[in-house]
Amino acid sequence: IETKEAMKKEIAQAKSEVLPSWIQTMKLKGDFRLRYQMNRTDNANDTFSYRNRGRFRLRLGVESKVNDKLKVAAGLSTGITTAGEPDAARSTNQSFTDAFAKKPVAWDYAYAEYNPFTWASVIAGKMKNPLWEPTDMIWDTDINPEGGVFKLSKRFMPGLDLFATAGAFVLDEISGDSADPMMYVTQFGGTYNLGSRTSLKGSFSYYNFSNVKHRNIEGASYD
């Protein structure tokens, strides 16, 4: 019994010599949401259309620290998996429909993060949005971009933290000699602490797109 208790303590502290460290540092997380919603649409002839839906969402993620500088994370979720559907990129909900048909589960994110220094990191894969966004005006919170990002964050003086992010994201993969549609983002910002409970945070972001003109990008919604 003492040996088992000691082993449990070592695993909890990631000090076990039996299991690899990346297993000992593995973290699991998940959530489940169940809801009912009714949508009302106002028609042109002063009538209304109603839509009633029971919906659920299930998400499960795992994160492991391979070593002091490398972290790997992946997550599964319910949601629409058909490319071209308006909510395919952002919805993680499934509706009660299709005569009890089984619901799809897809990779929500899968990425690696390398931190060569405490103030720098490189992220690659299908990742959580690495940009700072105060609202969902530009980015829906469920959209996870795919590509690579380089991030810097450093305190330059007491109360002032500055950050910079540069990313290249793949919008679609085109076979043949054509170049892939891409999105490039650069963001600069900072946080200034005015006191123990008050701070100001702002940023400037620049977006640039390439190879998207006259392209029908698979999976994109043009509604």
# chains A, B, ... in the order shown; residues from 1 in each chain; ligands from 1
call {"tool": "select_by_dssp", "arguments": {"residues": "range 14-222 of chain A", "states": "strand (DSSP E or B)", "output": "JSON, numbers by chain"}}
result
{"A": [27, 28, 29, 30, 31, 32, 33, 34, 35, 36, 37, 38, 39, 40, 41, 42, 48, 49, 50, 51, 52, 53, 54, 55, 56, 57, 58, 59, 60, 61, 62, 63, 64, 65, 70, 71, 72, 73, 74, 75, 76, 77, 78, 94, 95, 105, 106, 107, 108, 109, 110, 111, 112, 113, 114, 115, 116, 117, 120, 121, 122, 123, 124, 125, 126, 146, 147, 148, 149, 150, 151, 152, 153, 154, 155, 156, 157, 160, 161, 162, 163, 164, 165, 166, 167, 168, 169, 170, 182, 183, 184, 185, 186, 187, 188, 189, 190, 191, 192, 193, 199, 200, 201, 202, 203, 204, 205, 206, 207, 208, 209, 210]}
call {"tool": "residues_around", "arguments": {"residues": "Asp108 in chain A", "least_positions_apart": "6", "cutoff": "6 Å", "atoms": "only C-alpha atoms", "output": "short mmCIF file (atom, residue, chain, number, x, y, z; two decimals) with all heavy atoms, in the first residue's frame"}}
result
data_model
loop_
_atom_site.label_atom_id
_atom_site.label_comp_id
_atom_site.auth_asym_id
_atom_site.auth_seq_id
_atom_site.Cartn_x
_atom_site.Cartn_y
_atom_site.Cartn_z
N GLY A 75 -7.54 18.23 -29.55
CA GLY A 75 -8.88 18.20 -29.02
C GLY A 75 -9.89 17.72 -30.04
O GLY A 75 -9.74 17.96 -31.25
N LEU A 76 -10.90 17.02 -29.56
CA LEU A 76 -12.01 16.55 -30.39
C LEU A 76 -13.28 17.28 -29.98
O LEU A 76 -13.43 17.70 -28.84
CB LEU A 76 -12.22 15.04 -30.21
CG LEU A 76 -11.08 14.12 -30.66
CD1 LEU A 76 -11.37 12.69 -30.23
CD2 LEU A 76 -10.89 14.19 -32.17
N SER A 77 -14.21 17.42 -30.93
CA SER A 77 -15.47 18.06 -30.60
C SER A 77 -16.54 17.61 -31.58
O SER A 77 -16.25 17.14 -32.69
CB SER A 77 -15.35 19.59 -30.66
OG SER A 77 -15.25 20.03 -32.00
#
call {"tool": "closest_residue", "arguments": {"among": "A:Pro104, A:Gly159, A:Gly167, A:Gly79", "to": "Val122 in chain A", "atoms": "only C-alpha atoms"}}
result
A:Gly167
call {"tool": "atom_distance", "arguments": {"atom1": "CA of Gly195 in chain A", "atom2": "CA of Pro130 in chain A"}}
result
26.6 Å
call {"tool": "decode", "arguments": {"residues": "range 94-105 of chain A", "atoms": "all heavy atoms", "output": "mmCIF file, in the first residue's frame"}}
result
data_model
loop_
_atom_site.group_PDB
_atom_site.id
_atom_site.type_symbol
_atom_site.label_atom_id
_atom_site.label_comp_id
_atom_site.auth_asym_id
_atom_site.auth_seq_id
_atom_site.Cartn_x
_atom_site.Cartn_y
_atom_site.Cartn_z
ATOM 1 N N GLN A 94 -24.426 20.093 -32.299
ATOM 2 C CA GLN A 94 -25.139 19.097 -33.081
ATOM 3 C C GLN A 94 -26.613 19.159 -32.721
ATOM 4 O O GLN A 94 -26.965 19.275 -31.545
ATOM 5 C CB GLN A 94 -24.599 17.689 -32.810
ATOM 6 C CG GLN A 94 -23.379 17.313 -33.627
ATOM 7 C CD GLN A 94 -23.704 17.131 -35.110
ATOM 8 O OE1 GLN A 94 -24.855 17.000 -35.490
ATOM 9 N NE2 GLN A 94 -22.674 17.124 -35.926
ATOM 10 N N SER A 95 -27.483 19.084 -33.732
ATOM 11 C CA SER A 95 -28.920 19.153 -33.510
ATOM 12 C C SER A 95 -29.528 17.756 -33.423
ATOM 13 O O SER A 95 -29.020 16.807 -34.021
ATOM 14 C CB SER A 95 -29.596 19.927 -34.650
ATOM 15 O OG SER A 95 -29.129 21.255 -34.714
ATOM 16 N N PHE A 96 -30.608 17.652 -32.673
ATOM 17 C CA PHE A 96 -31.378 16.415 -32.627
ATOM 18 C C PHE A 96 -32.166 16.305 -33.928
ATOM 19 O O PHE A 96 -33.180 16.989 -34.116
ATOM 20 C CB PHE A 96 -32.336 16.422 -31.433
ATOM 21 C CG PHE A 96 -31.658 16.509 -30.102
ATOM 22 C CD1 PHE A 96 -32.371 16.884 -28.977
ATOM 23 C CD2 PHE A 96 -30.313 16.218 -29.952
ATOM 24 C CE1 PHE A 96 -31.761 16.970 -27.732
ATOM 25 C CE2 PHE A 96 -29.682 16.295 -28.715
ATOM 26 C CZ PHE A 96 -30.411 16.675 -27.608
ATOM 27 N N THR A 97 -31.715 15.429 -34.839
ATOM 28 C CA THR A 97 -32.338 15.356 -36.156
ATOM 29 C C THR A 97 -31.925 14.069 -36.864
ATOM 30 O O THR A 97 -31.139 13.283 -36.332
ATOM 31 C CB THR A 97 -31.938 16.581 -37.016
ATOM 32 O OG1 THR A 97 -32.659 16.558 -38.249
ATOM 33 C CG2 THR A 97 -30.448 16.599 -37.302
ATOM 34 N N ASP A 98 -32.454 13.859 -38.056
ATOM 35 C CA ASP A 98 -32.085 12.743 -38.946
ATOM 36 C C ASP A 98 -32.391 11.380 -38.339
ATOM 37 O O ASP A 98 -31.608 10.431 -38.486
ATOM 38 C CB ASP A 98 -30.604 12.821 -39.341
ATOM 39 C CG ASP A 98 -30.293 14.075 -40.133
ATOM 40 O OD1 ASP A 98 -31.211 14.600 -40.782
ATOM 41 O OD2 ASP A 98 -29.141 14.535 -40.080
ATOM 42 N N ALA A 99 -33.533 11.251 -37.669
ATOM 43 C CA ALA A 99 -34.037 9.955 -37.209
ATOM 44 C C ALA A 99 -33.005 9.174 -36.399
ATOM 45 O O ALA A 99 -32.687 8.024 -36.698
ATOM 46 C CB ALA A 99 -34.528 9.123 -38.396
ATOM 47 N N PHE A 100 -32.452 9.817 -35.375
ATOM 48 C CA PHE A 100 -31.519 9.188 -34.438
ATOM 49 C C PHE A 100 -30.164 8.844 -35.070
ATOM 50 O O PHE A 100 -29.436 7.983 -34.564
ATOM 51 C CB PHE A 100 -32.099 7.914 -33.817
ATOM 52 C CG PHE A 100 -33.480 8.072 -33.277
ATOM 53 C CD1 PHE A 100 -34.422 7.073 -33.444
ATOM 54 C CD2 PHE A 100 -33.849 9.235 -32.609
ATOM 55 C CE1 PHE A 100 -35.715 7.232 -32.949
ATOM 56 C CE2 PHE A 100 -35.139 9.395 -32.104
ATOM 57 C CZ PHE A 100 -36.062 8.391 -32.278
ATOM 58 N N ALA A 101 -29.817 9.492 -36.175
ATOM 59 C CA ALA A 101 -28.531 9.204 -36.826
ATOM 60 C C ALA A 101 -27.377 9.560 -35.908
ATOM 61 O O ALA A 101 -27.454 10.486 -35.100
ATOM 62 C CB ALA A 101 -28.415 9.986 -38.135
ATOM 63 N N LYS A 102 -26.282 8.808 -36.023
ATOM 64 C CA LYS A 102 -25.081 9.096 -35.238
ATOM 65 C C LYS A 102 -24.483 10.419 -35.684
ATOM 66 O O LYS A 102 -24.537 10.791 -36.850
ATOM 67 C CB LYS A 102 -24.075 7.956 -35.375
ATOM 68 C CG LYS A 102 -24.541 6.667 -34.699
ATOM 69 C CD LYS A 102 -23.503 5.574 -34.845
ATOM 70 C CE LYS A 102 -23.897 4.362 -34.001
ATOM 71 N NZ LYS A 102 -25.237 3.836 -34.353
ATOM 72 N N LYS A 103 -23.892 11.117 -34.745
ATOM 73 C CA LYS A 103 -23.371 12.458 -35.006
ATOM 74 C C LYS A 103 -21.853 12.419 -35.191
ATOM 75 O O LYS A 103 -21.151 11.671 -34.513
ATOM 76 C CB LYS A 103 -23.715 13.397 -33.845
ATOM 77 C CG LYS A 103 -25.168 13.336 -33.406
ATOM 78 C CD LYS A 103 -26.132 13.637 -34.533
ATOM 79 C CE LYS A 103 -27.576 13.572 -34.031
ATOM 80 N NZ LYS A 103 -28.554 13.740 -35.108
ATOM 81 N N PRO A 104 -21.320 13.257 -36.097
ATOM 82 C CA PRO A 104 -19.875 13.246 -36.346
ATOM 83 C C PRO A 104 -19.071 13.919 -35.241
ATOM 84 O O PRO A 104 -19.550 14.832 -34.568
ATOM 85 C CB PRO A 104 -19.755 14.031 -37.664
ATOM 86 C CG PRO A 104 -20.946 14.930 -37.672
ATOM 87 C CD PRO A 104 -22.051 14.159 -36.998
ATOM 88 N N VAL A 105 -17.866 13.437 -35.063
ATOM 89 C CA VAL A 105 -16.884 14.039 -34.162
ATOM 90 C C VAL A 105 -15.632 14.319 -34.985
ATOM 91 O O VAL A 105 -15.217 13.481 -35.787
ATOM 92 C CB VAL A 105 -16.551 13.114 -32.975
ATOM 93 C CG1 VAL A 105 -15.435 13.705 -32.134
ATOM 94 C CG2 VAL A 105 -17.792 12.879 -32.121
#
